[in-house]
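Participant: Provided below: start_26.txt, containing compact mmCIF, C-alpha atoms (C1' of nucleotides) and all ligand atoms.
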```txt
# COMPACT_ATOMS: atom_id res chain seq x y z
CA MET A 1 0.99 -4.89 2.72
CA LEU A 2 -1.10 -4.17 -0.32
CA ARG A 3 -4.17 -2.57 1.16
CA ILE A 4 -6.48 0.22 0.25
CA SER A 5 -6.17 3.31 2.41
CA ARG A 6 -8.44 3.69 5.38
CA LEU A 7 -10.06 6.66 3.69
CA THR A 8 -11.02 4.52 0.73
CA ASP A 9 -12.35 1.87 3.04
CA TYR A 10 -14.48 4.32 4.94
CA GLY A 11 -15.55 5.85 1.67
CA THR A 12 -17.14 2.60 0.59
CA VAL A 13 -18.84 2.26 3.94
CA ILE A 14 -20.36 5.67 3.41
CA LEU A 15 -21.41 4.89 -0.13
CA VAL A 16 -23.08 1.69 0.97
CA TYR A 17 -24.97 3.64 3.57
CA LEU A 18 -26.10 6.15 0.99
CA ALA A 19 -27.19 3.31 -1.24
CA GLN A 20 -29.37 1.97 1.52
CA ARG A 21 -30.97 5.34 1.97
CA GLY A 22 -32.03 5.48 -1.64
CA ASP A 23 -32.80 8.95 -2.90
CA ARG A 24 -33.24 10.59 0.49
CA LEU A 25 -30.72 13.27 1.27
CA CYS A 26 -28.28 12.74 4.10
CA SER A 27 -26.24 15.45 5.74
CA ALA A 28 -22.60 14.78 6.50
CA SER A 29 -23.30 14.64 10.21
CA ASP A 30 -26.10 12.19 9.57
CA VAL A 31 -23.74 9.94 7.66
CA ALA A 32 -21.09 10.23 10.34
CA ALA A 33 -23.52 9.35 13.10
CA GLU A 34 -24.92 6.32 11.33
CA THR A 35 -21.66 4.88 10.04
CA HIS A 36 -19.56 5.86 13.06
CA VAL A 37 -16.99 7.44 10.81
CA ALA A 38 -15.51 10.54 12.43
CA LEU A 39 -17.38 13.61 11.26
CA PRO A 40 -14.47 15.56 9.74
CA THR A 41 -13.41 12.45 7.91
CA ALA A 42 -16.88 11.89 6.54
CA GLN A 43 -17.04 15.49 5.40
CA LYS A 44 -13.77 15.16 3.58
CA LEU A 45 -14.78 11.92 1.93
CA LEU A 46 -18.13 13.23 0.78
CA LYS A 47 -16.45 16.22 -0.76
CA VAL A 48 -14.06 14.03 -2.72
CA LEU A 49 -16.83 11.70 -3.78
CA ALA A 50 -18.94 14.63 -4.93
CA LYS A 51 -16.09 16.00 -6.97
CA ALA A 52 -15.62 12.60 -8.57
CA GLY A 53 -19.29 12.53 -9.49
CA LEU A 54 -20.24 9.51 -7.45
CA VAL A 55 -22.54 11.43 -5.13
CA GLU A 56 -24.58 14.57 -5.66
CA SER A 57 -24.74 17.36 -3.17
CA THR A 58 -27.51 19.78 -2.33
CA ARG A 59 -26.59 22.91 -0.50
CA GLY A 60 -28.34 24.92 2.08
CA SER A 61 -30.69 24.09 4.85
CA GLU A 62 -32.08 20.56 4.60
CA GLY A 63 -29.33 19.86 2.12
CA GLY A 64 -27.16 16.80 1.99
CA TYR A 65 -25.78 14.08 -0.21
CA CYS A 66 -27.20 11.22 -2.19
CA LEU A 67 -25.89 8.81 -4.78
CA ALA A 68 -25.57 10.23 -8.26
CA ARG A 69 -26.29 6.91 -9.95
CA PRO A 70 -28.01 3.65 -9.10
CA PRO A 71 -25.88 1.42 -6.90
CA SER A 72 -25.74 -1.32 -9.50
CA SER A 73 -23.87 0.96 -11.87
CA ILE A 74 -21.11 1.93 -9.45
CA THR A 75 -18.18 -0.44 -9.21
CA ALA A 76 -15.48 -0.82 -6.61
CA ALA A 77 -12.96 0.14 -9.27
CA GLU A 78 -14.61 3.52 -9.65
CA ILE A 79 -14.62 4.07 -5.94
CA VAL A 80 -10.94 3.27 -5.63
CA ASP A 81 -10.17 5.46 -8.62
CA ALA A 82 -12.06 8.33 -7.06
CA LEU A 83 -10.52 8.10 -3.62
CA GLU A 84 -6.94 7.13 -4.21
CA GLY A 85 -6.35 7.38 -7.91
CA PRO A 86 -6.13 4.69 -10.53
CA VAL A 87 -4.80 1.29 -9.58
CA ALA A 88 -1.10 1.20 -10.36
CA ILE A 89 0.54 -1.78 -8.78
CA THR A 90 3.99 -0.58 -9.82
CA GLU A 91 5.51 2.69 -10.80
CA CYS A 92 5.61 1.68 -14.44
CA SER A 93 1.88 0.92 -14.43
CA THR A 94 1.13 4.61 -14.69
CA GLU A 95 1.26 6.68 -17.80
CA ALA A 96 4.14 8.83 -16.66
CA SER A 97 6.45 6.23 -15.25
CA GLN A 98 9.48 7.59 -13.53
CA CYS A 99 11.14 4.34 -12.72
CA GLU A 100 14.83 4.57 -13.32
CA LEU A 101 15.15 0.81 -13.72
CA GLU A 102 12.61 0.63 -16.49
CA SER A 103 15.12 0.49 -19.30
CA MET A 104 16.65 -2.71 -18.03
CA CYS A 105 13.78 -4.12 -16.03
CA HIS A 106 12.54 -7.60 -16.80
CA THR A 107 9.39 -7.70 -14.70
CA GLY A 108 7.32 -4.74 -15.77
CA GLY A 109 5.23 -6.60 -18.29
CA ALA A 110 4.14 -9.24 -15.85
CA TRP A 111 3.22 -6.68 -13.24
CA GLN A 112 1.04 -4.93 -15.73
CA ARG A 113 -0.82 -8.15 -16.34
CA ILE A 114 -1.34 -8.53 -12.62
CA ASN A 115 -2.42 -4.93 -12.48
CA GLN A 116 -5.09 -5.61 -15.02
CA ALA A 117 -6.26 -8.68 -13.16
CA ILE A 118 -6.73 -6.69 -9.98
CA ARG A 119 -8.49 -4.00 -11.88
CA ASP A 120 -10.88 -6.55 -13.35
CA ALA A 121 -11.57 -7.96 -9.93
CA LEU A 122 -12.48 -4.52 -8.65
CA ALA A 123 -14.59 -3.67 -11.66
CA ASP A 124 -16.53 -6.85 -11.14
CA VAL A 125 -18.04 -5.77 -7.84
CA THR A 126 -20.80 -3.20 -7.81
CA LEU A 127 -21.99 -1.08 -4.95
CA ASP A 128 -25.01 -3.20 -4.17
CA GLU A 129 -22.85 -6.28 -4.15
CA LEU A 130 -20.58 -4.46 -1.77
CA ASP A 131 -23.38 -4.44 0.75
CA CYS A 132 -22.32 -7.80 2.04
CA PRO A 133 -22.68 -8.08 5.77
CA PRO A 134 -20.50 -9.26 8.53
CA PRO A 135 -16.79 -9.71 8.27
CA ALA A 136 -16.57 -10.40 11.96
CA ALA A 137 -19.15 -11.90 14.24
CA ARG A 138 -17.85 -15.28 13.32
CA THR A 139 -21.32 -16.67 13.07
CA PRO A 140 -21.53 -20.12 11.54
CA ALA A 141 -21.51 -20.46 7.81
CA HIS A 142 -24.27 -18.27 6.54
CA LYS A 143 -25.38 -17.89 3.00
CA THR A 144 -21.87 -16.56 2.42
CA ALA A 145 -20.41 -19.85 1.36
CA GLY A 146 -16.97 -19.03 0.08
CA VAL A 147 -15.89 -16.01 1.97
CA THR A 148 -13.17 -17.55 4.06
CA ALA A 149 -10.06 -15.49 4.18
CA ARG A 150 -7.17 -17.53 5.35
CA GLN A 151 -4.34 -15.19 5.76
CA GLN A 152 -1.68 -16.83 7.82
CA ARG A 153 1.60 -17.73 6.24
CA MET B 1 -3.21 4.16 -4.92
CA LEU B 2 -3.08 0.45 -4.39
CA ARG B 3 0.48 -0.36 -5.28
CA ILE B 4 3.13 -2.65 -3.95
CA SER B 5 5.98 -0.95 -2.17
CA ARG B 6 9.07 -0.06 -4.09
CA LEU B 7 11.01 -2.55 -1.99
CA THR B 8 8.72 -5.33 -3.11
CA ASP B 9 9.02 -4.23 -6.70
CA TYR B 10 12.80 -4.20 -6.55
CA GLY B 11 12.69 -7.50 -4.72
CA THR B 12 11.05 -9.17 -7.68
CA VAL B 13 13.57 -7.62 -10.01
CA ILE B 14 16.32 -9.15 -7.94
CA LEU B 15 14.63 -12.52 -7.82
CA VAL B 16 14.19 -12.55 -11.56
CA TYR B 17 17.85 -11.79 -11.96
CA LEU B 18 18.76 -14.64 -9.63
CA ALA B 19 16.49 -16.91 -11.61
CA GLN B 20 18.36 -16.03 -14.77
CA ARG B 21 21.65 -16.86 -13.11
CA GLY B 22 20.49 -20.33 -12.25
CA ASP B 23 22.47 -21.98 -9.49
CA ARG B 24 25.46 -19.70 -9.65
CA LEU B 25 26.06 -17.65 -6.54
CA CYS B 26 25.75 -13.88 -6.75
CA SER B 27 27.09 -11.49 -4.17
CA ALA B 28 24.93 -8.60 -3.12
CA SER B 29 27.16 -6.13 -4.91
CA ASP B 30 26.95 -8.25 -8.04
CA VAL B 31 23.15 -8.14 -7.88
CA ALA B 32 23.16 -4.42 -7.27
CA ALA B 33 25.46 -3.75 -10.19
CA GLU B 34 23.47 -5.85 -12.63
CA THR B 35 19.99 -4.74 -11.62
CA HIS B 36 20.93 -1.13 -10.86
CA VAL B 37 19.23 -1.35 -7.49
CA ALA B 38 21.15 0.66 -4.89
CA LEU B 39 23.55 -1.57 -3.04
CA PRO B 40 22.26 -1.05 0.52
CA THR B 41 18.75 -1.64 -0.71
CA ALA B 42 19.75 -4.84 -2.43
CA GLN B 43 21.50 -6.02 0.70
CA LYS B 44 18.44 -5.38 2.77
CA LEU B 45 16.16 -7.13 0.33
CA LEU B 46 18.38 -10.18 0.05
CA LYS B 47 18.45 -10.47 3.80
CA VAL B 48 14.68 -10.42 4.01
CA LEU B 49 14.32 -12.86 1.16
CA ALA B 50 16.81 -15.20 2.78
CA LYS B 51 14.92 -15.08 6.05
CA ALA B 52 11.71 -15.87 4.20
CA GLY B 53 13.36 -18.87 2.61
CA LEU B 54 13.07 -17.72 -0.97
CA VAL B 55 16.81 -17.45 -1.48
CA GLU B 56 19.70 -19.28 0.11
CA SER B 57 22.85 -17.59 1.28
CA THR B 58 26.38 -18.81 1.44
CA ARG B 59 28.77 -16.97 3.67
CA GLY B 60 32.37 -16.12 3.41
CA SER B 61 34.65 -15.35 0.53
CA GLU B 62 33.14 -16.23 -2.82
CA GLY B 63 29.81 -16.50 -1.06
CA GLY B 64 26.55 -15.09 -2.28
CA TYR B 65 22.90 -15.78 -2.88
CA CYS B 66 20.94 -18.08 -5.11
CA LEU B 67 17.33 -19.13 -5.38
CA ALA B 68 16.24 -21.70 -2.84
CA ARG B 69 13.74 -23.31 -5.20
CA PRO B 70 13.16 -23.57 -8.93
CA PRO B 71 11.63 -20.39 -10.38
CA SER B 72 8.53 -22.21 -11.49
CA SER B 73 7.62 -22.99 -7.90
CA ILE B 74 7.84 -19.42 -6.60
CA THR B 75 4.74 -17.31 -7.04
CA ALA B 76 4.23 -13.57 -6.89
CA ALA B 77 1.99 -14.11 -3.90
CA GLU B 78 4.87 -15.60 -1.96
CA ILE B 79 7.14 -12.75 -2.90
CA VAL B 80 4.63 -10.17 -1.75
CA ASP B 81 4.01 -12.11 1.44
CA ALA B 82 7.71 -12.25 2.17
CA LEU B 83 8.43 -8.60 1.51
CA GLU B 84 5.41 -6.76 2.80
CA GLY B 85 3.34 -9.30 4.63
CA PRO B 86 0.18 -11.06 3.59
CA VAL B 87 -2.22 -9.31 1.28
CA ALA B 88 -4.85 -7.61 3.37
CA ILE B 89 -6.88 -5.20 1.34
CA THR B 90 -8.68 -3.89 4.41
CA GLU B 91 -8.01 -3.87 8.10
CA CYS B 92 -10.56 -6.59 8.69
CA SER B 93 -8.84 -8.89 6.21
CA THR B 94 -6.22 -9.73 8.80
CA GLU B 95 -6.57 -12.15 11.63
CA ALA B 96 -6.29 -9.52 14.31
CA SER B 97 -8.59 -6.89 12.97
CA GLN B 98 -8.67 -3.71 14.95
CA CYS B 99 -11.29 -1.90 12.97
CA GLU B 100 -13.64 -0.09 15.26
CA LEU B 101 -16.39 -0.04 12.67
CA GLU B 102 -16.37 -3.76 12.25
CA SER B 103 -19.38 -4.43 14.41
CA MET B 104 -21.66 -2.35 12.23
CA CYS B 105 -19.85 -2.49 8.93
CA HIS B 106 -21.70 -3.68 5.85
CA THR B 107 -18.85 -3.99 3.42
CA GLY B 108 -16.33 -6.27 5.04
CA GLY B 109 -17.55 -9.45 3.42
CA ALA B 110 -17.31 -8.07 -0.07
CA TRP B 111 -13.82 -6.74 0.50
CA GLN B 112 -12.71 -10.16 1.60
CA ARG B 113 -13.96 -11.61 -1.66
CA ILE B 114 -11.95 -9.00 -3.53
CA ASN B 115 -9.00 -9.75 -1.33
CA GLN B 116 -9.16 -13.38 -2.30
CA ALA B 117 -9.43 -12.53 -5.97
CA ILE B 118 -6.29 -10.43 -5.79
CA ARG B 119 -4.53 -13.15 -3.89
CA ASP B 120 -5.48 -15.68 -6.54
CA ALA B 121 -4.22 -13.40 -9.27
CA LEU B 122 -0.87 -13.12 -7.52
CA ALA B 123 -0.63 -16.81 -6.80
CA ASP B 124 -1.19 -17.50 -10.45
CA VAL B 125 2.04 -15.90 -11.61
CA THR B 126 5.31 -17.72 -11.03
CA LEU B 127 8.78 -16.32 -11.03
CA ASP B 128 9.65 -17.50 -14.50
CA GLU B 129 6.45 -16.00 -15.86
CA LEU B 130 7.45 -12.82 -14.11
CA ASP B 131 10.42 -12.52 -16.43
CA CYS B 132 8.57 -10.42 -18.95
CA PRO B 133 9.92 -7.04 -20.05
CA PRO B 134 7.52 -4.13 -20.07
CA PRO B 135 7.29 -2.48 -23.47
CA ALA B 136 9.00 -4.33 -26.26
CA ALA B 137 10.88 -7.59 -26.66
CA ARG B 138 7.79 -9.71 -26.73
CA THR B 139 8.45 -13.38 -26.96
CA PRO B 140 6.10 -15.21 -29.30
CA ALA B 141 3.05 -17.12 -28.13
CA HIS B 142 3.10 -16.67 -24.45
CA LYS B 143 1.46 -19.13 -22.16
CA THR B 144 0.01 -16.21 -20.33
CA ALA B 145 -3.63 -17.03 -20.58
CA GLY B 146 -3.71 -17.73 -16.89
CA VAL B 147 -3.91 -14.37 -15.21
CA THR B 148 -7.65 -14.19 -15.10
CA ALA B 149 -9.12 -12.64 -12.02
CA ARG B 150 -12.58 -14.09 -12.20
CA GLN B 151 -12.23 -16.36 -9.31
CA GLN B 152 -15.28 -15.45 -7.38
CA ARG B 153 -18.79 -16.54 -8.05
C1' DC C 1 -32.46 38.08 7.29
C1' DA C 2 -31.13 34.13 10.01
C1' DA C 3 -30.20 29.25 10.32
C1' DT C 4 -28.33 25.31 8.18
C1' DA C 5 -25.16 22.67 5.52
C1' DT C 6 -22.03 22.19 1.60
C1' DC C 7 -17.53 23.87 -0.60
C1' DG C 8 -12.74 24.57 -0.99
C1' DG C 9 -8.47 24.78 0.62
C1' DA C 10 -4.76 24.80 3.82
C1' DC C 11 -2.74 23.09 7.76
C1' DT C 12 -0.68 19.78 11.36
C1' DA C 13 0.15 15.33 13.23
C1' DT C 14 0.85 10.58 12.65
C1' DT C 15 2.26 6.54 10.47
C1' DT C 16 4.58 4.01 7.03
C1' DT C 17 8.23 3.41 4.00
C1' DA C 18 12.93 3.98 2.29
C1' DG C 19 17.46 4.11 2.86
C1' DT C 20 21.84 3.96 5.69
C1' DC C 21 25.21 2.29 8.79
C1' DC C 22 27.92 -0.64 11.83
C1' DA C 23 29.55 -4.53 14.46
C1' DA C 24 29.53 -9.60 14.43
C1' DT C 25 30.16 -13.95 12.09
C1' DA C 26 31.35 -17.35 8.69
C1' DT C 27 34.19 -19.07 4.75
C1' DG C 28 37.95 -19.66 1.55
C1' DT C 29 42.72 -18.36 0.42
C1' DT C 30 47.36 -17.25 1.33
C1' DA D 1 47.16 -19.19 11.51
C1' DA D 2 46.07 -14.83 9.57
C1' DC D 3 43.72 -12.23 6.18
C1' DA D 4 40.37 -10.80 2.87
C1' DT D 5 35.76 -11.25 1.47
C1' DA D 6 30.88 -11.46 2.06
C1' DT D 7 26.69 -12.50 4.70
C1' DT D 8 23.95 -11.48 9.10
C1' DG D 9 21.30 -8.89 12.25
C1' DG D 10 19.77 -4.98 14.24
C1' DA D 11 19.31 -0.20 14.99
C1' DC D 12 19.08 4.19 13.28
C1' DT D 13 17.79 8.47 10.41
C1' DA D 14 15.38 10.60 6.73
C1' DA D 15 11.66 11.12 3.65
C1' DA D 16 7.13 10.61 2.07
C1' DA D 17 2.38 9.33 2.17
C1' DT D 18 -1.64 9.28 4.89
C1' DA D 19 -5.00 10.72 8.30
C1' DG D 20 -7.27 13.97 10.54
C1' DT D 21 -8.52 18.92 11.66
C1' DC D 22 -9.96 23.56 11.00
C1' DC D 23 -11.86 27.83 9.07
C1' DG D 24 -13.88 31.14 5.95
C1' DA D 25 -16.91 31.39 1.88
C1' DT D 26 -21.17 30.21 -0.43
C1' DA D 27 -25.74 28.56 -1.35
C1' DT D 28 -30.51 27.27 0.08
C1' DT D 29 -34.59 27.17 2.92
C1' DG D 30 -38.03 29.42 5.53
S1 LIG A 201 8.42 -3.34 -12.67
FE1 LIG A 201 10.45 -2.66 -13.38
S2 LIG A 201 10.04 -0.86 -14.65
FE2 LIG A 201 8.16 -1.27 -13.48
S3 LIG A 201 8.36 0.08 -11.69
FE3 LIG A 201 9.18 -1.95 -11.09
S4 LIG A 201 11.40 -1.82 -11.51
FE4 LIG A 201 10.41 -0.10 -12.59
S1 LIG A 202 -14.51 -3.20 5.58
FE1 LIG A 202 -15.64 -2.51 7.41
S2 LIG A 202 -14.94 -3.85 9.08
FE2 LIG A 202 -13.48 -4.10 7.37
S3 LIG A 202 -11.84 -2.63 7.85
FE3 LIG A 202 -13.29 -1.56 6.48
S4 LIG A 202 -14.73 -0.50 7.86
FE4 LIG A 202 -13.61 -2.03 9.10
```
Translate the structure of the given file into structure tokens.
Ligand code: SF4
Ligand code: SF4

Facilitator:
Amino acid sequence: MLRISRLTDYGTVILVYLAQRGDRLCSASDVAAETHVALPTAQKLLKVLAKAGLVESTRGSEGGYCLARPPSSITAAEIVDALEGPVAITECSTEASQCELESMCHTGGAWQRINQAIRDALADVTLDELDCPPPAARTPAHKTAGVTARQQR
Amino acid sequence: MLRISRLTDYGTVILVYLAQRGDRLCSASDVAAETHVALPTAQKLLKVLAKAGLVESTRGSEGGYCLARPPSSITAAEIVDALEGPVAITECSTEASQCELESMCHTGGAWQRINQAIRDALADVTLDELDCPPPAARTPAHKTAGVTARQQR
DNA sequence: CAATATCGGACTATTTTAGTCCAATATGTT
DNA sequence: AACATATTGGACTAAAATAGTCCGATATTG
């Protein structure tokens, strides 16, 4: 149903938390406790994020993680890229397409346009903009004017 | 990696083929042969599309499928909705969110904005615009200026 | 040296997706 | 009326992606 993986979702939650903490180091267990992400999951995510260069790690006692760059320079597109690979809405959106229908397919071009549109939408949101409070807690219209998500068919 | 399912992909290929055939009926085996989608897969897809009201079926000998509406009135968003359910980039994008982090999550609102942007991008492409081959065979002067994703703000 | 916390990888379980099959039903033709 | 063709609906199996867990190695602090 066209969704990001739960890992990616939780990854952004963790990154937002790190952004709030500024330059202070946070251990994996610290992050897990504060975000309520399961500890092993948080560990795994932080490892991946460190490898991707989005967070920096410090080993040893009193070690931990912190953001590698200012939150305003990290986009949702980068986060998705890091955690689940580049956006590729169809098989033929990747470099090494293995779609057997490609030779006679009539829709690939349009999908690639859509792919780019999604990519632009993701690249347009930075980590500090991601810190956008409540999805639930259906409190009356706050400053978040246009955030309605009508999903029913 | 944020992609539509292969079924959805093949579903659009089939719909584009039906669009090309106009009002003429096509049997499932006809569709399979022309699009090179495996026959059982094509059958399954046509059934789902018929149930969603995107194609109409005629039973019996010489029966088959055809589009229920003109191609220009069918959008990619509808196709995705029909084949894999409404776009819901995160768990909390759905009506019945079951995310256990929701109460303390700081990112849900932003994801819903992104969700809407993706939805808009999909709703902006109609079935006849979808008929666009991937690599070569570029028709002159396309009207394709309309796939912009900047819907937010 | 001892305590703490990351690092790297491998492993299992779960869920989702893909693909297949069969019996029932409807329609046109012989 | 009987037959051949083609959709319909559901259930079923197989395959793949995802989620989550675990453990030994390594680096840093004190
Ligand atoms: S759009 Fe066409 S070429 Fe691209 S993956 Fe789908 S079927 Fe294959
Ligand atoms: S964005 Fe937050 S509330 Fe929404 S699904 Fe992800 S963790 Fe849950």

Participant: Would you mind listing, for every residue of chain B within 12 Å of ligand LIG 201 (chain A), the two atoms forming the shortest contact and the distance between them in Å to one decimal, using only C-alpha atoms and all ligand atoms, sorted by chain and ascending residue number, as a Markdown table?

Facilitator:
```
| residue | atom | partner | partner_atom | distance |
| --- | --- | --- | --- | --- |
| B:Arg3 | CA | A:LIG201 | S3 | 10.2 |
| B:Ile4 | CA | A:LIG201 | FE3 | 9.4 |
| B:Ser5 | CA | A:LIG201 | FE3 | 9.5 |
| B:Arg6 | CA | A:LIG201 | FE3 | 7.3 |
| B:Leu7 | CA | A:LIG201 | FE3 | 9.3 |
| B:Thr8 | CA | A:LIG201 | FE3 | 8.7 |
| B:Asp9 | CA | A:LIG201 | FE3 | 4.9 |
| B:Tyr10 | CA | A:LIG201 | S4 | 5.7 |
| B:Gly11 | CA | A:LIG201 | S4 | 8.9 |
| B:Thr12 | CA | A:LIG201 | S1 | 8.1 |
| B:Val13 | CA | A:LIG201 | S4 | 6.4 |
| B:Ile14 | CA | A:LIG201 | S4 | 9.5 |
| B:Leu15 | CA | A:LIG201 | S4 | 11.8 |
| B:Val16 | CA | A:LIG201 | FE1 | 10.7 |
| B:Tyr17 | CA | A:LIG201 | FE1 | 11.8 |
| B:Thr35 | CA | A:LIG201 | S4 | 9.1 |
| B:His36 | CA | A:LIG201 | S4 | 9.6 |
| B:Val37 | CA | A:LIG201 | S4 | 8.8 |
| B:Leu130 | CA | A:LIG201 | S1 | 9.6 |
| B:Asp131 | CA | A:LIG201 | S1 | 10.1 |
| B:Cys132 | CA | A:LIG201 | S1 | 9.5 |
| B:Pro133 | CA | A:LIG201 | FE1 | 8.0 |
| B:Pro134 | CA | A:LIG201 | S2 | 6.8 |
| B:Pro135 | CA | A:LIG201 | S2 | 9.4 |
```

Participant: With only C-alpha atoms (C1' of nucleotides) counted, which protein, DNA or RNA residues have an atom no more than 12 Å from (20.2, -2.9, 13.9) in the file frame? Please answer as a PyMOL selection string.

Facilitator: (chain B and resi 44) or (chain C and resi 20-24) or (chain D and resi 8-12)

Participant: Residues within 8 Å of ligand LIG 202 (chain A) (only C-alpha atoms (C1' of nucleotides) and all ligand atoms), as a list in words?

Facilitator: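 Listed by chain and ascending number, the contacts are Arg6, Asp9, Tyr10, Val13, Pro134, Pro135 and Ala136 of chain A; Thr90, Glu91, Cys92, Ser93, Ser97, Gln98, Cys99, Glu100, Leu101, Glu102, Ser103, Met104, Cys105, His106, Thr107, Gly108, Gly109, Ala110 and Trp111 of chain B.
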
Participant: With 5 Å added on each side, what axis-aligned box encloses every listed atom of segment 72-85 of chain B? Give the centre and edge lengths in Å to one decimal, as lines of an AutoDock Vina configuration file.

Facilitator:
```
center_x = 5.3
center_y = -14.9
center_z = -3.4
size_x = 16.5
size_y = 26.2
size_z = 26.1
```

Participant: Contacts of segment 15-24 of chain D at 10 Å or less, counting all atoms listed in the file, minus same-chain residues fewer than 6 places along, as a PyMOL selection string?

Facilitator: (chain A and resi 5-7+38+40-41+44) or (chain C and resi 8-19)

Participant: Give me a file of those residues, with C-alpha atoms (C1' of nucleotides), as a compact mmCIF listing (two decimals), keeping the file's coordinate frame.

Facilitator:
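Output file selection_39.txt is given in full below:
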```txt
# COMPACT_ATOMS: atom_id res chain seq x y z
CA SER A 5 -6.17 3.31 2.41
CA ARG A 6 -8.44 3.69 5.38
CA LEU A 7 -10.06 6.66 3.69
CA ALA A 38 -15.51 10.54 12.43
CA PRO A 40 -14.47 15.56 9.74
CA THR A 41 -13.41 12.45 7.91
CA LYS A 44 -13.77 15.16 3.58
C1' DG C 8 -12.74 24.57 -0.99
C1' DG C 9 -8.47 24.78 0.62
C1' DA C 10 -4.76 24.80 3.82
C1' DC C 11 -2.74 23.09 7.76
C1' DT C 12 -0.68 19.78 11.36
C1' DA C 13 0.15 15.33 13.23
C1' DT C 14 0.85 10.58 12.65
C1' DT C 15 2.26 6.54 10.47
C1' DT C 16 4.58 4.01 7.03
C1' DT C 17 8.23 3.41 4.00
C1' DA C 18 12.93 3.98 2.29
C1' DG C 19 17.46 4.11 2.86
```

Participant: Show me which bits of chain B are within 6 Å of chain D, counting only C-alpha atoms (C1' of nucleotides), as a list in words.

Facilitator: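 Every residue of chain B that passes the 6 Å test is in Arg59, Gly60 and Ser61 of chain B.
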
Participant: From the options B:Leu49, B:Arg69, B:Glu129, B:Met1, which residue's atoms come nearest to Ala82 of chain A, counting all atoms listed in the file?

Facilitator: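 The answer is B:Met1, which sits nearest to Ala82 of chain A.
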
Participant: Could you tell me which residues of chain C sit within 7 Å of chain A when counting only C-alpha atoms (C1' of nucleotides), and give me the result as JSON, numbers by chain?

Facilitator: {"C": [4, 5, 6]}

Participant: Give me, please, the distance in Å between atom CA of Asp120 of chain B and atom CA of Ala76 of chain B, quoted to one decimal.

Facilitator: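 Taking atom CA of Asp120 of chain B as the start and atom CA of Ala76 of chain B as the end point, the length is 9.9 Å.
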
Participant: Using all atoms listed in the file, find the one residue out of B:Arg113, B:Arg119, B:Lys51, B:Arg21 that sits nearest to chain A.

Facilitator: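 Residue with the minimum atom-to-atom distance to chain A: B:Arg113.
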
Participant: Compute the distance from (0.8, -9.9, 2.5) to each atom, counting only C-alpha atoms (C1' of nucleotides), keep the residues with any atom at most 12 Å away, and return them as a PyMOL selection string; use the coordinates of the file.

Facilitator: (chain A and resi 1-3+150-153) or (chain B and resi 4-5+8+76-90+93-95+115-116+118-119+122-123)

Participant: For chain B, which of A:Leu127, A:Leu39, A:Ala50, A:Ala117 is the closest residue, counting only C-alpha atoms?

Facilitator: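 Comparing A:Leu127, A:Leu39, A:Ala50, A:Ala117 against chain B, the winner is A:Ala117.
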
Participant: Have a look at atom CA of Asp128 of chain B and atom CA of Arg24 of chain B and let me know their distance in Å, one decimal.

Facilitator: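 Value for the atom CA of Asp128 of chain B-atom CA of Arg24 of chain B distance: 16.7 Å.
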
Participant: Atom CA of Gly22 of chain A and atom CA of Pro71 of chain A, how far apart in Å?

Facilitator: 9.1 Å

Participant: Which residue gives the smallest distance to chain A among B:Ala68, B:Ala33, B:Ala19, B:Ile114, with all atoms listed in the file counted?

Facilitator: B:Ile114

Participant: Determine the nearest neighbour of chain B from the options A:Asp30, A:Asp124, A:Asp23, A:Glu56, counting all atoms listed in the file.

Facilitator: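 For chain B, the nearest of the given residues is A:Asp124.
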